[in-house]
Each structure stands twice: as structure tokens, then as C-alpha cells.
Amino acid sequence: HARVGTLLPEAAERSGLPAATQVFAGGADNACGAIGAGILQEGLTMCSIGTSGVILSYEGGSGNDYAGKVHFFNHGKEDAFYAMGVTLAAGYSLSWFKNTFAKGESFDELLFGIDGIAPGANGLLFTPYLVGERTPHADSVIRGSFIGIDGSHERKHFARAVMEGITFSLNESVDLFRQAGKTVDTIVSI
């Protein structure tokens, strides 16, 4: 978070930038996102959804034991840490579904009518493991699926099942945090 110097002469020469170019310490995307979202004290958790989905919780120290089921990294805030669970294909699952089954439509068109479908998508389940998974399954070869398809399901049921599958996958990380003794009652979404 502070100025750490200027470009080394070799880096300046290779990049074509002036040697006086200032260099500042940075952080990983989710560490910086946590700073921006104000996840700077115990009791705060962030949900970030892009291609992947992240549940990140502030850790003031390194004493919590997650038994290797979530990631544990240095926070962008000095002398702090965060625990993080990742669904690899969160937003990607919905994009994949749209590009595969509704290529010329907007997301609003794709999702039209899903609010009228009761939770559970009439028994249709989706697992969002299109590119493997990290939390809690840590499996590069696991793959996604639709489960429980029957003749009553329409495209809107599949769209709802995709969104529910993403949500339940992210909730598995919340559950892991709670099992480790963390209180998760405030989630900031970015």
C-alpha cells in the first residue's frame, strides 16, 4: 500500500518507461477488492462474483484452522489475513448457459420468468463445476451437471437452477467458515 521505490534500470530499459517511474506495493485482486469493500475487521465477509465466485472473510490472525478446505492468504491490509473459498465457475456458469442456449438474447430475456418459479426449480439441480472446482471439492476434473430433469422443465427452470447452483456452491464456503467457528452475519457483495 506504500511507495516501495522506482523502476530498476533493467526494467526501465526493457519497458521503455523512465527509471524515475514510482512503484507501489499492490495486492491480489480479492485482497484489493476486500479493501475497497471495507472488509478490514473481524466479522465482515465479502462475496465477489465475476467469472469465479469468492467468499472472503477477514482474519486478524492466523489461528483459525480450516483443515486446508479454504485458501488462507495475506490481506492487502498490513498484518492481516483472509480466508477465501472459491467457486471457479460462478458467473461463468450463467454466461455459459446464456451463450449455449440463448446466444442472441440479453440476460434480462434469459432470466425472464424465473422469479415466478419457486425455490428448488421444480426439483432441477445444477452443479457449477464446468471447469473443475476449488472449494470445497478441490478437484480439477469434477464437472457440472443438471440433475433431476423431467418433462415439466422449461428453459426458465434451467436458468433458475443455474443461479441456485451458484448460490449453493458459494454457501458451502460460508458453511466452512461457520464450522471453523467464524461468525458470518454481514456479507458485502461486489
# chains A, B, ... in the order shown; residues from 1 in each chain; ligands from 1
$ select_by_dssp --residues "stretch 42-135 of chain A" --states "strand (DSSP E)" --output "NGL selection string"
:A and (45-49 or 53-59 or 71-74 or 81-87 or 125-127)
$ write_last_selection --atoms "C-alpha atoms" --output "compact mmCIF listing (two decimals), in the first residue's frame"
# COMPACT_ATOMS: atom_id res chain seq x y z
CA THR A 45 -17.25 -11.22 4.84
CA MET A 46 -17.25 -10.39 1.13
CA CYS A 47 -18.92 -12.13 -1.78
CA SER A 48 -17.37 -11.31 -5.14
CA ILE A 49 -18.87 -12.71 -8.32
CA GLY A 53 -17.19 -16.53 -7.18
CA VAL A 54 -15.41 -15.80 -3.94
CA ILE A 55 -16.44 -15.81 -0.30
CA LEU A 56 -13.70 -13.98 1.61
CA SER A 57 -13.59 -13.39 5.35
CA TYR A 58 -11.25 -11.13 7.28
CA GLU A 59 -8.78 -12.77 9.64
CA HIS A 71 -7.45 -20.66 0.97
CA PHE A 72 -5.61 -18.55 3.54
CA PHE A 73 -3.67 -15.51 2.32
CA ASN A 74 -2.08 -12.25 3.40
CA PHE A 81 -5.08 -12.17 6.59
CA TYR A 82 -8.15 -13.52 4.89
CA ALA A 83 -9.73 -16.91 4.39
CA MET A 84 -11.31 -17.50 1.00
CA GLY A 85 -13.48 -20.10 -0.67
CA VAL A 86 -13.76 -20.12 -4.46
CA THR A 87 -16.39 -21.41 -6.88
CA LEU A 125 -30.43 -29.08 -9.60
CA PHE A 126 -27.28 -27.67 -11.20
CA THR A 127 -23.71 -28.22 -10.04
$ residues_around --residues "A:Glu109" --least-positions-apart "4" --cutoff "12 Å" --atoms "only C-alpha atoms" --output "PyMOL selection string"
chain A and resi 98+101-105+113-114+155-156+159
$ residues_around --residues "A:Thr186" --least-positions-apart "2" --cutoff "8 Å" --atoms "only C-alpha atoms" --output "PyMOL selection string"
chain A and resi 43-45+184+188
$ atom_distance --atom1 "atom CA of A:Gly26" --atom2 "atom CA of A:Leu40"
16.1 Å
$ residues_around --residues "A:Tyr66" --least-positions-apart "6" --cutoff "10 Å" --atoms "only C-alpha atoms" --output "ChimeraX atom specification"
/A:72,83,176-177,179-181
$ atom_distance --atom1 "atom CA of A:Asn122" --atom2 "atom CA of A:Arg160"
9.7 Å
$ closest_residue --among "A:Ala19, A:Leu94, A:Val70, A:Ala121" --to "A:Asp150" --atoms "only C-alpha atoms"
A:Ala121
$ closest_residue --among "A:Ile39, A:Leu8, A:Ala20, A:Met163" --to "A:Ser95" --atoms "only C-alpha atoms"
A:Met163
$ select_by_dssp --residues "stretch 97-178 of chain A" --states "alpha helix (DSSP H)" --output "ChimeraX atom specification"
/A:97-101,107-111,155-178
$ closest_residue --among "A:Ala11, A:Ile117, A:Ala90, A:Ile142" --to "A:Phe168" --atoms "only C-alpha atoms"
A:Ala90
$ closest_residue --among "A:Pro9, A:Ile35, A:Ser106, A:Val4" --to "A:Val23" --atoms "only C-alpha atoms"
A:Val4
$ atom_distance --atom1 "atom CA of A:Cys32" --atom2 "atom CA of A:Glu164"
27.4 Å
$ closest_residue --among "A:Asp108, A:Thr21, A:Asn30, A:Ile187" --to "A:Gly5" --atoms "only C-alpha atoms"
A:Thr21
$ residues_around --residues "A:Thr51" --least-positions-apart "6" --cutoff "8 Å" --atoms "only C-alpha atoms" --output "PDB file with C-alpha atoms, in the first residue's frame"
ATOM      1  CA  LEU A  88     -14.442 -21.474 -10.158  1.00  0.00           C
ATOM      2  CA  ALA A  89     -17.426 -21.150 -12.494  1.00  0.00           C
ATOM      3  CA  ALA A  90     -19.856 -18.807 -10.727  1.00  0.00           C
ATOM      4  CA  GLY A  91     -20.617 -16.031 -13.195  1.00  0.00           C
ATOM      5  CA  TYR A  92     -19.073 -18.201 -15.875  1.00  0.00           C
TER       6      TYR A  92
END
$ closest_residue --among "A:Phe146, A:Phe107, A:Phe112, A:Phe158" --to "A:Tyr129" --atoms "only C-alpha atoms"
A:Phe146
